[in-house]
$ cat coords_30.cif   # mmCIF, C-alpha atoms and all ligand atoms
data_final
#
loop_
_atom_site.label_atom_id
_atom_site.label_comp_id
_atom_site.auth_asym_id
_atom_site.auth_seq_id
_atom_site.Cartn_x
_atom_site.Cartn_y
_atom_site.Cartn_z
CA MET Q 102 137.01 20.82 114.00
CA GLY Q 103 134.86 23.67 115.27
CA HIS Q 104 134.32 23.54 119.00
CA ARG Q 105 131.27 24.91 120.68
CA TRP Q 106 132.74 24.34 124.11
CA THR Q 107 135.83 25.48 125.94
CA ASN Q 108 136.46 22.53 128.23
CA LEU Q 109 138.48 23.65 131.28
CA SER Q 110 137.19 20.73 133.31
CA TYR Q 111 139.34 17.66 132.71
CA ALA Q 112 138.95 16.73 136.39
CA ASN Q 113 135.31 16.12 135.46
CA VAL Q 114 135.18 14.67 131.94
CA ALA Q 115 137.69 15.10 129.12
CA THR Q 116 136.76 16.16 125.65
CA THR Q 117 137.60 12.70 124.30
CA SER Q 118 140.80 12.53 122.28
CA PRO Q 119 139.63 12.52 118.61
CA LEU Q 120 141.91 9.52 118.01
CA ALA Q 121 140.43 7.59 120.95
CA HIS Q 122 136.95 8.41 119.69
CA ARG Q 123 137.75 7.18 116.19
CA VAL Q 124 139.39 3.96 117.36
CA SER Q 125 136.50 3.18 119.71
CA ARG Q 126 133.92 3.87 117.02
CA GLU Q 127 135.77 1.73 114.46
CA TRP Q 128 135.70 -1.20 116.86
CA GLU Q 129 131.96 -0.69 117.46
CA ASP Q 130 131.40 -0.51 113.69
CA SER Q 131 133.25 -3.80 113.14
CA LEU Q 132 131.14 -5.53 115.76
CA ALA Q 133 127.98 -4.09 114.26
CA ARG Q 134 129.00 -5.41 110.83
CA GLY Q 135 129.97 -8.95 111.72
CA GLY Q 136 130.08 -9.79 115.43
CA ALA Q 137 132.74 -12.42 116.07
CA ALA Q 138 133.61 -12.59 112.35
CA GLU Q 139 135.35 -9.24 112.78
CA PHE Q 140 136.30 -9.63 116.44
CA ASP Q 141 137.24 -13.28 116.89
CA ALA Q 142 138.21 -15.40 119.88
CA ASP Q 143 141.90 -14.50 119.63
CA ALA Q 144 141.14 -10.79 119.36
CA GLU Q 145 138.93 -11.09 122.43
CA LYS Q 146 141.60 -13.00 124.35
CA LEU Q 147 144.24 -10.38 123.53
CA GLY Q 148 141.83 -7.46 123.75
CA MET Q 149 143.49 -5.94 126.82
CA MET Q 150 147.02 -5.93 125.35
CA PRO Q 151 147.15 -2.50 123.65
CA LEU Q 152 145.98 -0.74 126.83
CA ARG Q 153 148.25 -2.82 129.08
CA GLU Q 154 151.23 -1.96 126.86
CA ALA Q 155 150.44 1.76 126.63
CA ALA Q 156 149.78 2.09 130.38
CA ALA Q 157 152.99 0.20 131.23
CA LYS Q 158 154.98 2.77 129.24
CA LEU Q 159 153.20 5.68 130.92
CA LEU Q 160 153.74 4.22 134.40
CA SER Q 161 157.33 3.08 133.66
CA CYS Q 162 156.52 -0.48 134.70
CA ASP Q 163 156.34 -3.91 133.12
CA VAL Q 164 153.35 -4.92 131.03
CA THR Q 165 152.78 -7.81 133.45
CA ASP Q 166 152.19 -5.24 136.24
CA VAL Q 167 149.15 -3.76 134.46
CA PHE Q 168 145.49 -4.77 134.38
CA CYS Q 169 142.46 -3.31 132.65
CA GLY Q 170 138.97 -2.67 133.91
CA SER Q 171 135.78 -0.78 133.25
CA SER Q 172 136.14 1.88 135.95
CA ALA Q 173 138.38 2.92 138.81
CA THR Q 174 135.57 2.20 141.26
CA ALA Q 175 135.07 -1.40 140.10
CA MET Q 176 138.81 -2.05 140.31
CA MET Q 177 139.05 -0.62 143.83
CA CYS Q 178 136.08 -2.78 144.93
CA SER Q 179 137.87 -5.90 143.75
CA VAL Q 180 141.03 -4.89 145.63
CA ALA Q 181 139.10 -4.10 148.83
CA TRP Q 182 137.43 -7.54 148.87
CA ALA Q 183 140.77 -9.16 148.03
CA VAL Q 184 142.47 -7.58 151.05
CA MET Q 185 139.41 -7.73 153.33
CA PRO Q 186 140.97 -6.34 156.53
CA SER Q 187 139.69 -8.10 159.65
CA GLU Q 188 138.18 -6.54 162.77
CA LYS Q 189 141.66 -6.31 164.31
CA HIS Q 190 142.78 -4.06 161.47
CA ASN Q 191 142.25 -0.51 160.31
CA ILE Q 192 142.19 1.29 156.96
CA VAL Q 193 143.64 4.80 156.78
CA SER Q 194 142.53 7.48 154.32
CA SER Q 195 141.32 11.09 154.17
CA ARG Q 196 137.87 12.61 154.50
CA ALA Q 197 138.64 14.70 151.40
CA ALA Q 198 139.11 11.59 149.24
CA PHE Q 199 136.63 10.87 146.45
CA PRO Q 200 133.87 8.60 147.84
CA SER Q 201 134.78 5.69 145.53
CA THR Q 202 138.28 5.66 147.00
CA VAL Q 203 136.92 4.98 150.49
CA TYR Q 204 133.48 3.33 150.04
CA PRO Q 205 134.78 -0.08 148.89
CA TRP Q 206 136.69 -0.27 152.19
CA SER Q 207 133.70 0.98 154.19
CA ARG Q 208 131.63 -1.82 152.65
CA VAL Q 209 134.22 -4.46 153.55
CA ALA Q 210 134.49 -2.97 157.06
CA LEU Q 211 130.73 -3.32 157.44
CA GLU Q 212 131.21 -7.05 156.89
CA THR Q 213 134.36 -7.64 158.92
CA GLY Q 214 134.29 -4.93 161.62
CA ALA Q 215 137.56 -3.35 160.45
CA GLU Q 216 138.05 0.28 161.47
CA ILE Q 217 138.05 3.12 158.94
CA ARG Q 218 140.24 6.08 159.96
CA LEU Q 219 139.88 9.30 157.98
CA ALA Q 220 142.03 12.40 158.43
CA SER Q 221 140.11 15.70 158.46
CA TYR Q 222 140.53 18.68 156.16
CA ASP Q 223 140.39 22.44 156.76
CA HIS Q 224 138.12 25.16 155.28
CA ASN Q 225 140.08 24.97 152.02
CA HIS Q 226 139.58 21.20 151.79
CA TYR Q 227 143.28 20.88 152.58
CA THR Q 228 144.47 17.77 154.44
CA LYS Q 229 147.78 17.91 156.29
CA PRO Q 230 149.65 14.84 154.95
CA GLN Q 231 151.03 14.30 158.46
CA ASP Q 232 147.45 13.96 159.79
CA ILE Q 233 146.96 10.93 157.52
CA LEU Q 234 150.36 9.49 158.42
CA ASP Q 235 149.60 9.90 162.14
CA LEU Q 236 146.61 7.55 161.82
CA ILE Q 237 148.84 4.66 160.74
CA ASP Q 238 149.75 2.15 163.45
CA LYS Q 239 150.78 -1.49 163.72
CA ASN Q 240 147.19 -2.59 163.05
CA THR Q 241 146.90 -0.70 159.76
CA SER Q 242 146.52 -3.05 156.82
CA VAL Q 243 145.81 -0.53 154.07
CA VAL Q 244 146.56 3.13 153.42
CA VAL Q 245 144.35 4.54 150.65
CA ILE Q 246 144.83 7.94 149.04
CA SER Q 247 143.81 9.87 145.96
CA HIS Q 248 147.16 10.93 144.46
CA VAL Q 249 145.52 14.26 143.61
CA GLU Q 250 142.39 15.25 145.53
CA TYR Q 251 139.41 15.93 143.28
CA ALA Q 252 138.05 19.02 145.08
CA ASN Q 253 141.13 21.21 145.39
CA GLY Q 254 143.90 19.46 143.45
CA GLN Q 255 146.10 18.78 146.49
CA ARG Q 256 148.84 16.32 145.48
CA TYR Q 257 150.52 13.85 147.85
CA ASP Q 258 154.06 12.52 147.83
CA LEU Q 259 153.46 8.82 147.10
CA ARG Q 260 156.88 7.73 148.31
CA LYS Q 261 156.22 9.16 151.78
CA PHE Q 262 152.96 7.21 152.04
CA SER Q 263 154.33 3.93 150.69
CA GLU Q 264 157.24 4.06 153.15
CA ALA Q 265 154.89 4.72 156.07
CA ALA Q 266 152.50 1.94 154.98
CA HIS Q 267 155.28 -0.58 154.42
CA SER Q 268 156.91 0.24 157.77
CA VAL Q 269 153.92 -1.43 159.49
CA GLY Q 270 153.38 -4.15 156.87
CA ALA Q 271 150.41 -2.37 155.25
CA ILE Q 272 149.85 -1.84 151.54
CA LEU Q 273 149.36 1.50 149.78
CA MET Q 274 146.46 1.81 147.31
CA VAL Q 275 146.49 4.93 145.16
CA ASP Q 276 143.56 6.30 143.21
CA ALA Q 277 145.34 8.12 140.37
CA THR Q 278 142.16 9.07 138.51
CA GLN Q 279 142.95 12.76 139.07
CA SER Q 280 146.64 12.50 138.25
CA MET Q 281 147.45 9.85 135.64
CA GLY Q 282 147.86 11.62 132.29
CA MET Q 283 148.65 14.92 134.04
CA VAL Q 284 151.34 14.12 136.64
CA PRO Q 285 154.30 11.90 135.68
CA ILE Q 286 154.09 8.68 137.73
CA ASP Q 287 156.83 6.08 138.10
CA ALA Q 288 154.76 3.24 139.52
CA VAL Q 289 157.67 1.15 140.79
CA GLU Q 290 159.55 4.13 142.21
CA SER Q 291 156.39 5.36 144.01
CA GLY Q 292 156.35 2.20 146.13
CA ALA Q 293 152.55 1.95 145.71
CA ASP Q 294 151.09 -1.56 145.79
CA VAL Q 295 147.99 -0.73 143.78
CA ILE Q 296 147.40 2.19 141.44
CA VAL Q 297 144.13 2.63 139.54
CA SER Q 298 142.91 5.29 137.15
CA SER Q 299 139.78 5.92 135.21
CA GLY Q 300 140.23 6.61 131.52
CA TYR Q 301 137.81 9.45 130.80
CA LYS Q 302 139.52 12.36 132.58
CA TRP Q 303 143.22 13.24 132.24
CA LEU Q 304 143.88 10.21 130.00
CA ARG Q 305 141.29 11.50 127.49
CA GLY Q 306 139.60 8.20 126.75
CA THR Q 307 135.86 7.55 126.72
CA TYR Q 308 133.76 6.06 129.49
CA GLY Q 309 134.10 2.33 130.09
CA ALA Q 310 137.88 1.86 130.32
CA ALA Q 311 140.29 2.08 133.23
CA VAL Q 312 143.79 0.83 134.08
CA GLY Q 313 145.60 -0.42 137.14
CA PHE Q 314 149.06 -1.37 138.41
CA LEU Q 315 149.99 -4.06 140.96
CA SER Q 316 153.23 -4.44 142.90
CA PRO Q 317 154.70 -7.95 143.37
CA LYS Q 318 152.98 -8.14 146.78
CA ALA Q 319 149.60 -7.13 145.36
CA LYS Q 320 149.95 -9.75 142.63
CA SER Q 321 149.53 -12.44 145.26
CA LEU Q 322 146.05 -11.16 146.18
CA ILE Q 323 143.00 -13.17 145.22
CA PRO Q 324 140.68 -10.69 143.46
CA GLY Q 325 137.36 -9.89 145.10
CA LEU Q 326 135.64 -9.99 141.71
CA VAL Q 327 136.14 -13.04 139.52
CA GLY Q 328 134.68 -14.46 136.31
CA PHE Q 329 135.58 -16.43 133.18
CA ARG Q 330 138.56 -14.18 132.41
CA SER Q 331 140.03 -14.95 135.86
CA HIS Q 332 141.30 -18.33 134.64
CA LYS Q 333 144.75 -18.36 132.99
CA ASP Q 334 143.35 -19.49 129.65
CA ILE Q 335 139.98 -17.84 129.17
CA TRP Q 336 138.92 -20.28 126.44
CA ASP Q 337 139.72 -23.40 128.48
CA MET Q 338 136.36 -23.12 130.16
CA ARG Q 339 135.71 -25.43 133.09
CA SER Q 340 133.78 -24.27 136.09
CA ASP Q 341 135.31 -26.85 138.46
CA ARG Q 342 138.61 -24.98 138.82
CA MET Q 343 140.01 -21.47 138.51
CA ASN Q 344 143.76 -20.95 138.10
CA LEU Q 345 144.56 -17.28 138.29
CA PRO Q 346 147.32 -15.80 136.12
CA GLU Q 347 150.50 -14.91 138.04
CA ASP Q 348 150.58 -11.39 136.65
CA ALA Q 349 148.33 -8.37 137.23
CA SER Q 350 145.85 -9.62 134.63
CA ARG Q 351 144.43 -11.83 137.41
CA PHE Q 352 142.28 -8.79 138.28
CA GLU Q 353 140.66 -8.87 134.83
CA PHE Q 354 137.58 -11.02 135.13
CA THR Q 355 135.02 -10.08 132.54
CA THR Q 356 134.25 -8.79 129.07
CA LEU Q 357 134.83 -5.06 128.65
CA HIS Q 358 134.00 -2.49 125.99
CA PHE Q 359 137.06 -3.26 123.88
CA GLY Q 360 136.52 -0.15 121.77
CA ALA Q 361 136.86 1.98 124.89
CA LEU Q 362 140.01 0.07 125.87
CA HIS Q 363 141.59 0.39 122.41
CA GLY Q 364 140.63 4.05 122.28
CA LEU Q 365 142.22 4.70 125.66
CA ALA Q 366 145.36 2.86 124.55
CA ALA Q 367 145.55 5.09 121.47
CA SER Q 368 145.08 8.21 123.55
CA ILE Q 369 147.86 7.17 125.94
CA GLU Q 370 150.19 6.40 123.01
CA GLU Q 371 149.46 9.88 121.69
CA MET Q 372 150.41 11.38 125.08
CA LEU Q 373 153.60 9.33 125.18
CA GLU Q 374 154.57 10.89 121.86
CA THR Q 375 154.13 14.37 123.33
CA GLY Q 376 155.88 13.28 126.53
CA ILE Q 377 154.30 13.27 129.98
CA GLU Q 378 156.90 15.72 131.32
CA SER Q 379 155.95 18.33 128.72
CA ILE Q 380 152.24 17.71 129.35
CA TRP Q 381 152.82 18.28 133.09
CA LYS Q 382 154.77 21.47 132.35
CA HIS Q 383 152.05 22.70 129.99
CA ASP Q 384 149.25 21.93 132.47
CA LEU Q 385 151.10 23.69 135.30
CA SER Q 386 151.67 26.77 133.15
CA LEU Q 387 147.91 26.96 132.57
CA ALA Q 388 147.32 26.50 136.31
CA ASP Q 389 149.79 29.39 136.84
CA ALA Q 390 147.66 31.52 134.52
CA VAL Q 391 144.52 30.63 136.51
CA ILE Q 392 146.23 31.58 139.79
CA GLU Q 393 147.66 34.81 138.37
CA LEU Q 394 144.38 36.00 136.81
CA ALA Q 395 142.35 35.04 139.90
CA GLN Q 396 144.69 36.79 142.31
CA SER Q 397 144.92 39.91 140.15
CA ARG Q 398 141.13 40.25 140.64
CA GLY Q 399 141.26 39.61 144.37
CA LEU Q 400 139.66 36.16 143.99
CA GLU Q 401 140.78 33.63 146.59
CA VAL Q 402 142.62 30.55 145.31
CA VAL Q 403 141.95 27.74 147.78
CA SER Q 404 144.15 25.07 146.17
CA PRO Q 405 147.69 24.50 147.44
CA ILE Q 406 150.05 26.48 145.19
CA ASP Q 407 153.43 25.34 146.49
CA HIS Q 408 155.57 23.29 144.15
CA ASP Q 409 155.34 20.02 146.13
CA GLN Q 410 151.58 19.85 146.59
CA ARG Q 411 150.02 21.50 143.57
CA SER Q 412 148.49 20.13 140.37
CA ALA Q 413 146.59 21.47 137.35
CA ILE Q 414 143.37 21.52 139.39
CA VAL Q 415 142.83 25.02 140.76
CA SER Q 416 139.78 25.84 142.86
CA ILE Q 417 138.59 29.37 143.51
CA ARG Q 418 136.22 30.55 146.21
CA PRO Q 419 133.33 32.59 144.79
CA PRO Q 420 133.24 36.15 146.17
CA ALA Q 421 130.77 36.88 148.99
CA GLY Q 422 127.19 36.97 147.74
CA HIS Q 423 127.87 34.65 144.78
CA HIS Q 424 127.28 30.90 144.53
CA SER Q 425 129.66 28.59 142.68
CA ALA Q 426 126.82 26.51 141.14
CA HIS Q 427 125.23 29.65 139.69
CA ILE Q 428 128.52 30.97 138.30
CA VAL Q 429 129.44 27.61 136.77
CA LYS Q 430 126.02 27.33 135.09
CA ARG Q 431 126.25 30.84 133.63
CA LEU Q 432 129.76 30.19 132.32
CA GLN Q 433 128.42 27.17 130.45
CA ASP Q 434 125.10 28.61 129.28
CA GLU Q 435 126.29 32.07 128.23
CA PHE Q 436 129.93 31.54 127.30
CA GLY Q 437 130.26 27.81 126.50
CA ILE Q 438 133.00 27.48 129.15
CA LEU Q 439 133.09 24.29 131.20
CA VAL Q 440 134.38 24.37 134.76
CA THR Q 441 132.97 22.46 137.76
CA ASP Q 442 131.16 23.33 140.93
CA ARG Q 443 132.80 21.27 143.69
CA SER Q 444 132.34 21.71 147.45
CA GLY Q 445 131.13 25.29 146.98
CA MET Q 446 134.16 26.18 144.89
CA ILE Q 447 134.76 26.86 141.21
CA ARG Q 448 137.12 24.12 140.07
CA ILE Q 449 139.23 24.79 136.95
CA SER Q 450 141.23 21.92 135.49
CA PRO Q 451 142.89 22.64 132.11
CA HIS Q 452 144.85 20.07 130.11
CA ILE Q 453 146.57 19.30 126.79
CA ASP Q 454 143.95 20.81 124.49
CA ASN Q 455 143.83 24.15 126.31
CA GLU Q 456 145.87 27.31 125.88
CA ARG Q 457 146.38 30.53 127.83
CA SER Q 458 143.90 32.52 125.72
CA GLN Q 459 141.12 30.22 126.98
CA ILE Q 460 142.05 30.96 130.59
CA GLU Q 461 141.91 34.67 129.71
CA LEU Q 462 138.47 34.12 128.16
CA LEU Q 463 137.33 32.39 131.37
CA PHE Q 464 138.33 35.36 133.50
CA SER Q 465 136.88 38.01 131.20
CA SER Q 466 133.62 36.00 131.25
CA LEU Q 467 133.81 35.78 135.04
CA ASP Q 468 134.27 39.57 135.15
CA THR Q 469 131.03 39.98 133.22
CA ILE Q 470 129.13 37.52 135.45
CA LEU Q 471 130.42 38.98 138.72
CA SER Q 472 129.71 42.57 137.65
CA LYS Q 473 125.96 41.86 137.33
C1 LIG Q 501 139.59 10.46 142.52
C2 LIG Q 501 138.50 9.83 141.71
N1 LIG Q 501 138.39 8.50 141.68
C3 LIG Q 501 137.43 7.87 140.96
C4 LIG Q 501 136.51 8.60 140.23
C5 LIG Q 501 135.43 7.88 139.48
O1 LIG Q 501 135.99 6.89 138.70
P1 LIG Q 501 135.08 5.85 137.92
O2 LIG Q 501 133.99 6.64 137.26
O3 LIG Q 501 136.01 5.23 136.95
O4 LIG Q 501 134.57 4.87 138.89
C6 LIG Q 501 136.59 10.00 140.23
C7 LIG Q 501 135.60 10.79 139.48
O5 LIG Q 501 135.42 11.97 139.64
C8 LIG Q 501 137.60 10.62 140.99
O6 LIG Q 501 137.71 11.96 141.03
#
$ encode --input "coords_30.cif" --output "structure tokens"
Amino acid sequence: MGHRWTNLSYANVATTSPLAHRVSREWEDSLARGGAAEFDADAEKLGMMPLREAAAKLLSCDVTDVFCGSSATAMMCSVAWAVMPSEKHNIVSSRAAFPSTVYPWSRVALETGAEIRLASYDHNHYTKPQDILDLIDKNTSVVVISHVEYANGQRYDLRKFSEAAHSVGAILMVDATQSMGMVPIDAVESGADVIVSSGYKWLRGTYGAAVGFLSPKAKSLIPGLVGFRSHKDIWDMRSDRMNLPEDASRFEFTTLHFGALHGLAASIEEMLETGIESIWKHDLSLADAVIELAQSRGLEVVSPIDHDQRSAIVSIRPPAGHHSAHIVKRLQDEFGILVTDRSGMIRISPHIDNERSQIELLFSSLDTILSK
């Protein structure tokens, strides 16, 4: 397939996996041909299974630990209303976190009077992990982090945060939208109580599908968002009672775009075939190339580059007199190269489909832009 674009911006939107695209479109076509004749009640009931199964393999957990949704934001909203910390409690996170990671809790806090505590970041958008940990006390009911921060790619050690949260009886919710599909995650080993991820970035699905994980403790929560799929048997429809499933599927409550779900499942299966460890290695080698070619030109890399905190998201500060938004636009308009303008920085986030020659093309194009 001929590509007009060089997408180095998986932290924004993936170039959808061709397989995911095909699977999603085939499902849409079947619905357009015959509605429920081609997608019957049983298919609808079991519609989440392929994605649950694929995600369970990727997260090294049981299929009963996984639930599906339409977006990471919607899933986090349901969790926030399920936990609903009271005015005696606080919620700990970072100022650098993506707004959707924190807003659901801010909304709940508006209702209950709970306190939101956010650790600050420095001029490189870097948050000292200890600054977040220091905000945790005996009144903390939730610690919420983005596994990898969207602006500079800083990655946190999940185990450290789950241990700190559990030591005061709090839960750890992880937004893995910027890591799942790039960084290997062992959900059980991480100690996280909730993990959610959108499907259209590193997992290479389309819009409209997301996945989540729940620990045994989180499986006892009553979801904030409920609907006909919240009852154990979705086709035993009676509005005078609602018996939630025991497993993570209790957080599934409504009809989703099943094509998007099946497409995402196919894309994850494809990644499992390649192996998440080799994907991680590949992505880091491309990040290495970004760092090397930036530094060789005297461009400042603002992302953490040490082994324990880095990811495949590398942000570069534009040189004095240049604006990131302008550079990013010219890269797209004149060279067909996609990177993102985030927090005044040029964010580069390569993945599976990219190779070193494309990173070299990015920097030779940058040379041209910065020389005029
Ligand atoms: C960390 C993080 N969480 C969530 C989202 C948005 O997820 P969704 O569109 O599924 O709500 C993004 C998008 O950039 C993100 O970076």
$ closest_residue --input "coords_30.cif" --among "Q:Tyr111, Q:Asp337, Q:Asp238, Q:Trp381" --to "Q:Thr278" --atoms "all atoms listed in the file"
Q:Tyr111
$ closest_residue --input "coords_30.cif" --among "Q:Arg457, Q:His424, Q:His332, Q:Arg260" --to "Q:Asp287" --atoms "all atoms listed in the file"
Q:Arg260
$ axis_aligned_box --input "coords_30.cif" --around "ligand LIG 501 (chain Q)" --padding-each-side "5 Å" --output "lines of an AutoDock Vina configuration file"
center_x = 136.8
center_y = 8.4
center_z = 139.7
size_x = 15.6
size_y = 17.1
size_z = 15.6
$ closest_atom_pairs --input "coords_30.cif" --of "chain Q" --to "ligand LIG 501 (chain Q)" --cutoff "9 Å" --atoms "all atoms listed in the file" --output "tab-separated table"
residue	atom	partner	partner_atom	distance
Q:Ala112	CA	Q:LIG501	O5	6.8
Q:Asn113	CA	Q:LIG501	O5	5.9
Q:Val114	CA	Q:LIG501	O5	8.2
Q:Gly170	CA	Q:LIG501	O3	9.0
Q:Ser171	CA	Q:LIG501	O3	7.1
Q:Ser172	CA	Q:LIG501	O3	3.5
Q:Ala173	CA	Q:LIG501	O3	3.8
Q:Thr174	CA	Q:LIG501	O4	3.7
Q:Ala175	CA	Q:LIG501	O4	6.4
Q:Met176	CA	Q:LIG501	O4	8.2
Q:Met177	CA	Q:LIG501	O4	8.6
Q:Ala198	CA	Q:LIG501	C1	6.8
Q:Phe199	CA	Q:LIG501	C1	4.9
Q:Pro200	CA	Q:LIG501	N1	7.6
Q:Ser201	CA	Q:LIG501	C3	5.7
Q:Thr202	CA	Q:LIG501	N1	6.0
Q:Ile246	CA	Q:LIG501	C1	8.7
Q:Ser247	CA	Q:LIG501	C1	5.5
Q:His248	CA	Q:LIG501	C1	7.8
Q:Val249	CA	Q:LIG501	C1	7.1
Q:Glu250	CA	Q:LIG501	C1	6.3
Q:Tyr251	CA	Q:LIG501	O6	4.9
Q:Ala252	CA	Q:LIG501	O6	8.1
Q:Asp276	CA	Q:LIG501	C1	5.8
Q:Ala277	CA	Q:LIG501	C1	6.6
Q:Thr278	CA	Q:LIG501	C2	4.9
Q:Gln279	CA	Q:LIG501	C1	5.3
Q:Ser280	CA	Q:LIG501	C1	8.5
Q:Val297	CA	Q:LIG501	N1	8.5
Q:Ser298	CA	Q:LIG501	O3	6.9
Q:Ser299	CA	Q:LIG501	O3	4.2
Q:Gly300	CA	Q:LIG501	O3	7.0
Q:Tyr301	CA	Q:LIG501	O3	7.7
Q:Lys302	CA	Q:LIG501	C7	8.1
Q:Tyr308	CA	Q:LIG501	O2	7.8
Q:Gly309	CA	Q:LIG501	O3	7.7
Q:Ala310	CA	Q:LIG501	O3	7.7
Q:Ala311	CA	Q:LIG501	O3	6.5
$ closest_atom_pairs --input "coords_30.cif" --of "stretch 387-420 of chain Q" --to "stretch 439-447 of chain Q" --cutoff "9 Å" --atoms "only C-alpha atoms" --output "JSON lines"
{"residue": "Q:Val403", "atom": "CA", "partner": "Q:Met446", "partner_atom": "CA", "distance": 8.5}
{"residue": "Q:Val415", "atom": "CA", "partner": "Q:Ile447", "partner_atom": "CA", "distance": 8.3}
{"residue": "Q:Ser416", "atom": "CA", "partner": "Q:Ile447", "partner_atom": "CA", "distance": 5.4}
{"residue": "Q:Ile417", "atom": "CA", "partner": "Q:Ile447", "partner_atom": "CA", "distance": 5.1}
{"residue": "Q:Arg418", "atom": "CA", "partner": "Q:Met446", "partner_atom": "CA", "distance": 5.0}
{"residue": "Q:Pro419", "atom": "CA", "partner": "Q:Met446", "partner_atom": "CA", "distance": 6.5}
$ write_last_selection --input "coords_30.cif" --atoms "C-alpha atoms" --output "PDB file, in the frame of the given file"
ATOM      1  CA  VAL Q 403     141.950  27.740 147.780  1.00  0.00           C
ATOM      2  CA  VAL Q 415     142.830  25.020 140.760  1.00  0.00           C
ATOM      3  CA  SER Q 416     139.780  25.840 142.860  1.00  0.00           C
ATOM      4  CA  ILE Q 417     138.590  29.370 143.510  1.00  0.00           C
ATOM      5  CA  ARG Q 418     136.220  30.550 146.210  1.00  0.00           C
ATOM      6  CA  PRO Q 419     133.330  32.590 144.790  1.00  0.00           C
TER       7      PRO Q 419
END
$ closest_residue --input "coords_30.cif" --among "Q:Asp258, Q:Glu264, Q:Asp163, Q:Asp454" --to "Q:His383" --atoms "all atoms listed in the file"
Q:Asp454
$ residues_around --input "coords_30.cif" --residues "Q:Glu212" --least-positions-apart "3" --cutoff "10 Å" --atoms "only C-alpha atoms" --output "ChimeraX atom specification"
/Q:185-188,206-209,215
$ atom_distance --input "coords_30.cif" --atom1 "atom CA of Q:Ile296" --atom2 "atom CA of Q:Phe314"
5.0 Å
$ atom_distance --input "coords_30.cif" --atom1 "atom CA of Q:Ala266" --atom2 "atom CA of Q:Leu345"
26.7 Å
$ atom_distance --input "coords_30.cif" --atom1 "atom CA of Q:Phe329" --atom2 "atom CA of Q:Trp128"
22.3 Å
$ closest_residue --input "coords_30.cif" --among "Q:Met372, Q:Ala138, Q:Asn225, Q:Ala183" --to "Q:Glu401" --atoms "all atoms listed in the file"
Q:Asn225
$ build_atoms --input "coords_30.cif" --residues "stretch 113-124 of chain Q" --atoms "N, CA and C atoms" --output "PDB file, in the frame of the given file"
ATOM      1  N   ASN Q 113     136.667  16.659 135.548  1.00  0.00           N
ATOM      2  CA  ASN Q 113     135.310  16.120 135.460  1.00  0.00           C
ATOM      3  C   ASN Q 113     135.260  15.095 134.326  1.00  0.00           C
ATOM      4  N   VAL Q 114     135.177  15.572 133.099  1.00  0.00           N
ATOM      5  CA  VAL Q 114     135.180  14.670 131.940  1.00  0.00           C
ATOM      6  C   VAL Q 114     135.970  15.331 130.824  1.00  0.00           C
ATOM      7  N   ALA Q 115     136.891  14.573 130.232  1.00  0.00           N
ATOM      8  CA  ALA Q 115     137.690  15.100 129.120  1.00  0.00           C
ATOM      9  C   ALA Q 115     136.821  15.301 127.894  1.00  0.00           C
ATOM     10  N   THR Q 116     137.231  16.221 127.031  1.00  0.00           N
ATOM     11  CA  THR Q 116     136.760  16.160 125.650  1.00  0.00           C
ATOM     12  C   THR Q 116     137.574  15.008 125.076  1.00  0.00           C
ATOM     13  N   THR Q 117     136.893  13.915 124.723  1.00  0.00           N
ATOM     14  CA  THR Q 117     137.600  12.700 124.300  1.00  0.00           C
ATOM     15  C   THR Q 117     138.628  13.009 123.217  1.00  0.00           C
ATOM     16  N   SER Q 118     139.799  12.397 123.340  1.00  0.00           N
ATOM     17  CA  SER Q 118     140.800  12.530 122.280  1.00  0.00           C
ATOM     18  C   SER Q 118     140.151  12.094 120.965  1.00  0.00           C
ATOM     19  N   PRO Q 119     140.249  12.907 119.893  1.00  0.00           N
ATOM     20  CA  PRO Q 119     139.630  12.520 118.610  1.00  0.00           C
ATOM     21  C   PRO Q 119     140.114  11.146 118.143  1.00  0.00           C
ATOM     22  N   LEU Q 120     141.382  10.829 118.408  1.00  0.00           N
ATOM     23  CA  LEU Q 120     141.910   9.520 118.010  1.00  0.00           C
ATOM     24  C   LEU Q 120     141.227   8.406 118.806  1.00  0.00           C
ATOM     25  N   ALA Q 121     141.090   8.603 120.117  1.00  0.00           N
ATOM     26  CA  ALA Q 121     140.430   7.590 120.950  1.00  0.00           C
ATOM     27  C   ALA Q 121     138.994   7.381 120.493  1.00  0.00           C
ATOM     28  N   HIS Q 122     138.335   8.469 120.159  1.00  0.00           N
ATOM     29  CA  HIS Q 122     136.950   8.410 119.690  1.00  0.00           C
ATOM     30  C   HIS Q 122     136.858   7.594 118.407  1.00  0.00           C
ATOM     31  N   ARG Q 123     137.786   7.876 117.478  1.00  0.00           N
ATOM     32  CA  ARG Q 123     137.750   7.180 116.190  1.00  0.00           C
ATOM     33  C   ARG Q 123     138.011   5.682 116.357  1.00  0.00           C
ATOM     34  N   VAL Q 124     139.027   5.369 117.155  1.00  0.00           N
ATOM     35  CA  VAL Q 124     139.390   3.960 117.360  1.00  0.00           C
ATOM     36  C   VAL Q 124     138.231   3.203 118.016  1.00  0.00           C
TER      37      VAL Q 124
END
